[in-house]
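*Asks:* So that we are looking at the same thing, I have put the structure below in structure tokens.
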Amino acid sequence: LAKTTQPISMDSYEGQEVNITCSHNNIATNDYITWYQQFPSQGPRFIIQGYKTKVTNEVASLFIPADRKSSTLSLPRVSLSDTAVYYCLVGRRDGGATNKLIFGTGTLLAVQP
Amino acid sequence: GAVVSQHPSWVICKSGTSVKIECRSLDFQATTMFWYRQFPKQSLMLMATSNEGSKATYEQGVEKDKFLINHASLTLSTLTVTSAHPEDSSFYICSGTSGGRNEQFFGPGTRLTVL
């Protein structure tokens, strides 16, 4: 499984756009990139998933360059409630046990008023 | 959709006792379920992977005789911490996925405190 590297922490202010970059140099052809959000004492919550180029949903955008060795999660206009740990993971999409995800350190995003 | 529940949400037990944690997929059939453990201020650590009707596959360093996993149906998996000790105190999280999908749906977690 590809190892991921993210900044340990980031600070931001309400209303700003936040970009969190993740490195995954050893990503395999079958791997997808998925981002999760976790609040204290809760299970992770799915944010977004992509394979290449750009993916956008109602809460975030995910930018993946052509070589797929990194990805950037973009959170538009963050609020205090976006303060959480964000995990970048890569994993295969072929069902069963190969779907296992190995969590890295994650990025603690602290949003200030 | 894609809701996973865990029961209990928290449990306190005496050292030496066994504790069972249930993980249920409420609105989908979880062909594969995963169990994680998370210590304070640390990331999630994968403990084991289980497929319905099969024996669980444990990650290196996780004692299969201590952490018993049963995945008897497509909607229920259980984790039993046998002879729990204070060092087993942790936040236990399960997740489920259905065949062919990379996205895992996580439960809310169970806080285990062993006295």
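Ordering of the structure tokens sets the chain letters (A, B, ...), residue numbers begin anew at 1 in every chain, and ligands are numbered from 1 in the order given.
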Could you work out which residues of chain A fall inside 12 Å of chain B? Count only C-alpha atoms, and format the result as a PyMOL selection string.
*Replies:* chain A and resi 8+30-51+84-108
*Asks:* Got time to write the residues from that selection, N, CA and C atoms, as a compact mmCIF listing (two decimals), in the first residue's frame?
*Replies:*
```txt
# COMPACT_ATOMS: atom_id res chain seq x y z
N ILE A 8 1.64 17.93 9.44
CA ILE A 8 1.07 17.51 10.72
C ILE A 8 -0.08 18.42 11.12
N ASN A 30 -3.89 0.99 -9.75
CA ASN A 30 -5.25 0.69 -9.31
C ASN A 30 -5.71 1.51 -8.10
N ASP A 31 -4.83 2.33 -7.57
CA ASP A 31 -5.15 3.06 -6.34
C ASP A 31 -6.00 4.29 -6.60
N TYR A 32 -6.95 4.50 -5.71
CA TYR A 32 -7.73 5.73 -5.66
C TYR A 32 -7.27 6.54 -4.47
N ILE A 33 -7.55 7.83 -4.50
CA ILE A 33 -7.17 8.72 -3.41
C ILE A 33 -8.44 9.15 -2.70
N THR A 34 -8.44 8.97 -1.40
CA THR A 34 -9.63 9.29 -0.61
C THR A 34 -9.24 10.15 0.58
N TRP A 35 -10.07 11.10 0.88
CA TRP A 35 -9.85 11.97 2.03
C TRP A 35 -11.00 11.78 3.03
N TYR A 36 -10.58 11.70 4.30
CA TYR A 36 -11.54 11.58 5.39
C TYR A 36 -11.32 12.69 6.39
N GLN A 37 -12.39 13.01 7.11
CA GLN A 37 -12.35 14.01 8.17
C GLN A 37 -12.70 13.32 9.48
N GLN A 38 -11.98 13.66 10.54
CA GLN A 38 -12.31 13.06 11.82
C GLN A 38 -12.34 14.12 12.92
N PHE A 39 -13.46 14.14 13.64
CA PHE A 39 -13.58 14.97 14.83
C PHE A 39 -13.20 14.12 16.04
N PRO A 40 -12.83 14.75 17.14
CA PRO A 40 -12.45 13.99 18.34
C PRO A 40 -13.56 13.03 18.78
N SER A 41 -13.15 11.82 19.12
CA SER A 41 -14.05 10.78 19.62
C SER A 41 -15.18 10.43 18.65
N GLN A 42 -14.90 10.55 17.37
CA GLN A 42 -15.86 10.13 16.35
C GLN A 42 -15.13 9.31 15.29
N GLY A 43 -15.89 8.53 14.54
CA GLY A 43 -15.30 7.81 13.43
C GLY A 43 -15.03 8.75 12.26
N PRO A 44 -14.10 8.40 11.40
CA PRO A 44 -13.82 9.24 10.22
C PRO A 44 -15.03 9.36 9.31
N ARG A 45 -15.11 10.49 8.66
CA ARG A 45 -16.21 10.75 7.74
C ARG A 45 -15.65 10.98 6.36
N PHE A 46 -16.20 10.30 5.37
CA PHE A 46 -15.75 10.44 3.98
C PHE A 46 -15.98 11.86 3.49
N ILE A 47 -14.95 12.41 2.84
CA ILE A 47 -15.09 13.75 2.24
C ILE A 47 -15.17 13.66 0.73
N ILE A 48 -14.15 13.04 0.13
CA ILE A 48 -14.08 13.05 -1.33
C ILE A 48 -13.13 11.96 -1.79
N GLN A 49 -13.32 11.51 -3.00
CA GLN A 49 -12.46 10.49 -3.58
C GLN A 49 -12.22 10.80 -5.05
N GLY A 50 -11.01 10.49 -5.52
CA GLY A 50 -10.72 10.72 -6.93
C GLY A 50 -9.63 9.81 -7.44
N TYR A 51 -9.52 9.78 -8.75
CA TYR A 51 -8.46 8.99 -9.40
C TYR A 51 -7.45 9.88 -10.12
N ALA A 84 -10.61 19.95 12.51
CA ALA A 84 -10.65 18.48 12.57
C ALA A 84 -9.31 17.96 12.06
N VAL A 85 -9.18 16.65 12.09
CA VAL A 85 -8.03 15.99 11.47
C VAL A 85 -8.46 15.47 10.10
N TYR A 86 -7.65 15.73 9.11
CA TYR A 86 -7.96 15.31 7.74
C TYR A 86 -6.92 14.28 7.31
N TYR A 87 -7.42 13.14 6.85
CA TYR A 87 -6.56 12.05 6.44
C TYR A 87 -6.64 11.84 4.93
N CYS A 88 -5.48 11.67 4.36
CA CYS A 88 -5.36 11.32 2.94
C CYS A 88 -4.97 9.84 2.87
N LEU A 89 -5.70 9.07 2.11
CA LEU A 89 -5.39 7.65 1.99
C LEU A 89 -5.43 7.23 0.54
N VAL A 90 -4.63 6.23 0.21
CA VAL A 90 -4.72 5.63 -1.11
C VAL A 90 -5.06 4.15 -0.93
N GLY A 91 -5.89 3.66 -1.78
CA GLY A 91 -6.31 2.27 -1.67
C GLY A 91 -6.91 1.82 -2.98
N ARG A 92 -6.96 0.50 -3.13
CA ARG A 92 -7.46 -0.07 -4.36
C ARG A 92 -8.97 -0.17 -4.36
N ARG A 93 -9.49 -0.27 -5.52
CA ARG A 93 -10.95 -0.29 -5.68
C ARG A 93 -11.36 -1.57 -6.37
N ASP A 94 -10.89 -2.68 -5.81
CA ASP A 94 -11.26 -3.94 -6.46
C ASP A 94 -11.94 -4.90 -5.51
N GLY A 95 -12.49 -4.33 -4.45
CA GLY A 95 -13.33 -5.13 -3.56
C GLY A 95 -12.56 -5.93 -2.54
N GLY A 96 -13.25 -6.31 -1.48
CA GLY A 96 -12.72 -7.25 -0.51
C GLY A 96 -11.59 -6.70 0.33
N ALA A 97 -10.74 -7.59 0.77
CA ALA A 97 -9.70 -7.24 1.72
C ALA A 97 -8.69 -6.27 1.14
N THR A 98 -8.57 -6.20 -0.18
CA THR A 98 -7.60 -5.28 -0.75
C THR A 98 -8.06 -3.84 -0.62
N ASN A 99 -9.26 -3.64 -0.12
CA ASN A 99 -9.73 -2.29 0.12
C ASN A 99 -9.16 -1.70 1.39
N LYS A 100 -8.33 -2.45 2.11
CA LYS A 100 -7.92 -1.93 3.41
C LYS A 100 -7.14 -0.64 3.25
N LEU A 101 -7.36 0.23 4.21
CA LEU A 101 -6.77 1.55 4.21
C LEU A 101 -5.79 1.67 5.37
N ILE A 102 -4.64 2.22 5.09
CA ILE A 102 -3.66 2.45 6.14
C ILE A 102 -3.61 3.96 6.39
N PHE A 103 -4.00 4.34 7.60
CA PHE A 103 -4.05 5.75 7.94
C PHE A 103 -2.66 6.26 8.30
N GLY A 104 -2.33 7.42 7.76
CA GLY A 104 -1.10 8.10 8.14
C GLY A 104 -1.37 9.01 9.32
N THR A 105 -0.54 9.98 9.48
CA THR A 105 -0.64 10.86 10.66
C THR A 105 -1.81 11.82 10.56
N GLY A 106 -2.22 12.15 9.34
CA GLY A 106 -3.29 13.12 9.18
C GLY A 106 -2.80 14.55 9.39
N THR A 107 -3.65 15.51 9.03
CA THR A 107 -3.35 16.93 9.21
C THR A 107 -4.39 17.52 10.13
N LEU A 108 -3.93 18.08 11.24
CA LEU A 108 -4.85 18.76 12.15
C LEU A 108 -5.04 20.18 11.67
```
*Asks:* Could you name the residues that touch segment 66-69 of chain A at 7 Å or less, counting only C-alpha atoms, but leaving out those on the same chain fewer than 6 positions away, as number ranges by chain?
*Replies:* A: 23-25, 27, 52-53
*Asks:* What lies within 12 Å of Glu58 of chain A using only C-alpha atoms, ignoring chain neighbours under 3 positions off, as a PyMOL selection string?
*Replies:* chain A and resi 47-48+55+61-62+74-76
*Asks:* What does the distance between atom CA of Pro8 of chain B and atom CA of Leu76 of chain B come to in Å, to one decimal place?
*Replies:*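 About the pair atom CA of Pro8 of chain B and atom CA of Leu76 of chain B: they are 13.7 Å apart.
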*Asks:* Which parts of segment 4-115 of chain B does DSSP call strand (DSSP E or B) when run on the backbone here, written out as number ranges by chain?
*Replies:* B: 4-7, 10-13, 19-25, 32-38, 45-51, 57-58, 67-73, 76-81, 90-97, 105-106, 110-114
*Asks:* Residues of segment 13-106 of chain A in helix (DSSP H, G or I) according to DSSP, as a list in words?
*Replies:* Leu80, Ser81, Asp82, Gly96, Ala97, Thr98 and Asn99 of chain A
*Asks:* What's around segment 60-65 of chain B at 8 Å? Count only C-alpha atoms, leave out sequence neighbours fewer than 3 positions away in its own chain, and write the answer as an MDAnalysis selection string.
*Replies:* chainID B and resid 47:48 68 82
*Asks:* Write the selection just made, keeping C-alpha atoms, as a PDB file, in the first residue's frame?
*Replies:*
```pdb
ATOM      1  CA  MET B  47      -6.259  -4.276  13.491  1.00  0.00           C
ATOM      2  CA  ALA B  48      -7.961  -6.744  11.198  1.00  0.00           C
ATOM      3  CA  LEU B  68     -11.673 -12.191  18.518  1.00  0.00           C
ATOM      4  CA  THR B  82     -10.625 -11.089  25.841  1.00  0.00           C
TER       5      THR B  82
END
```
*Asks:* So how far away is atom CA of Ser9 of chain B from atom CA of Lys66 of chain B, in Å?
*Replies:*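 So the answer is 20.5 Å.
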*Asks:* Report the distance between atom CA of Thr17 of chain B and atom CA of Glu87 of chain B in Å, rounded to one decimal place.
*Replies:* 13.3 Å
*Asks:* Show which residues sit within 9 Å of Lys14 of chain B, as an MDAnalysis selection string. Count only C-alpha atoms, and ignore same-chain residues fewer than 5 positions away.
*Replies:* chainID B and resid 84:86 113:115
*Asks:* Output C-alpha atoms for every residue in the selection just made, as a PDB file, in the first residue's frame.
*Replies:*
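After the write, again_13.pdb holds the following:
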```
ATOM      1  CA  ALA B  84      -8.855  -7.000  28.857  1.00  0.00           C
ATOM      2  CA  HIS B  85      -6.077  -5.061  30.569  1.00  0.00           C
ATOM      3  CA  PRO B  86      -5.566  -1.327  31.084  1.00  0.00           C
ATOM      4  CA  THR B 113     -11.702   1.872  29.467  1.00  0.00           C
ATOM      5  CA  VAL B 114     -10.202  -0.994  31.420  1.00  0.00           C
ATOM      6  CA  LEU B 115      -9.686  -0.359  35.115  1.00  0.00           C
TER       7      LEU B 115
END
```
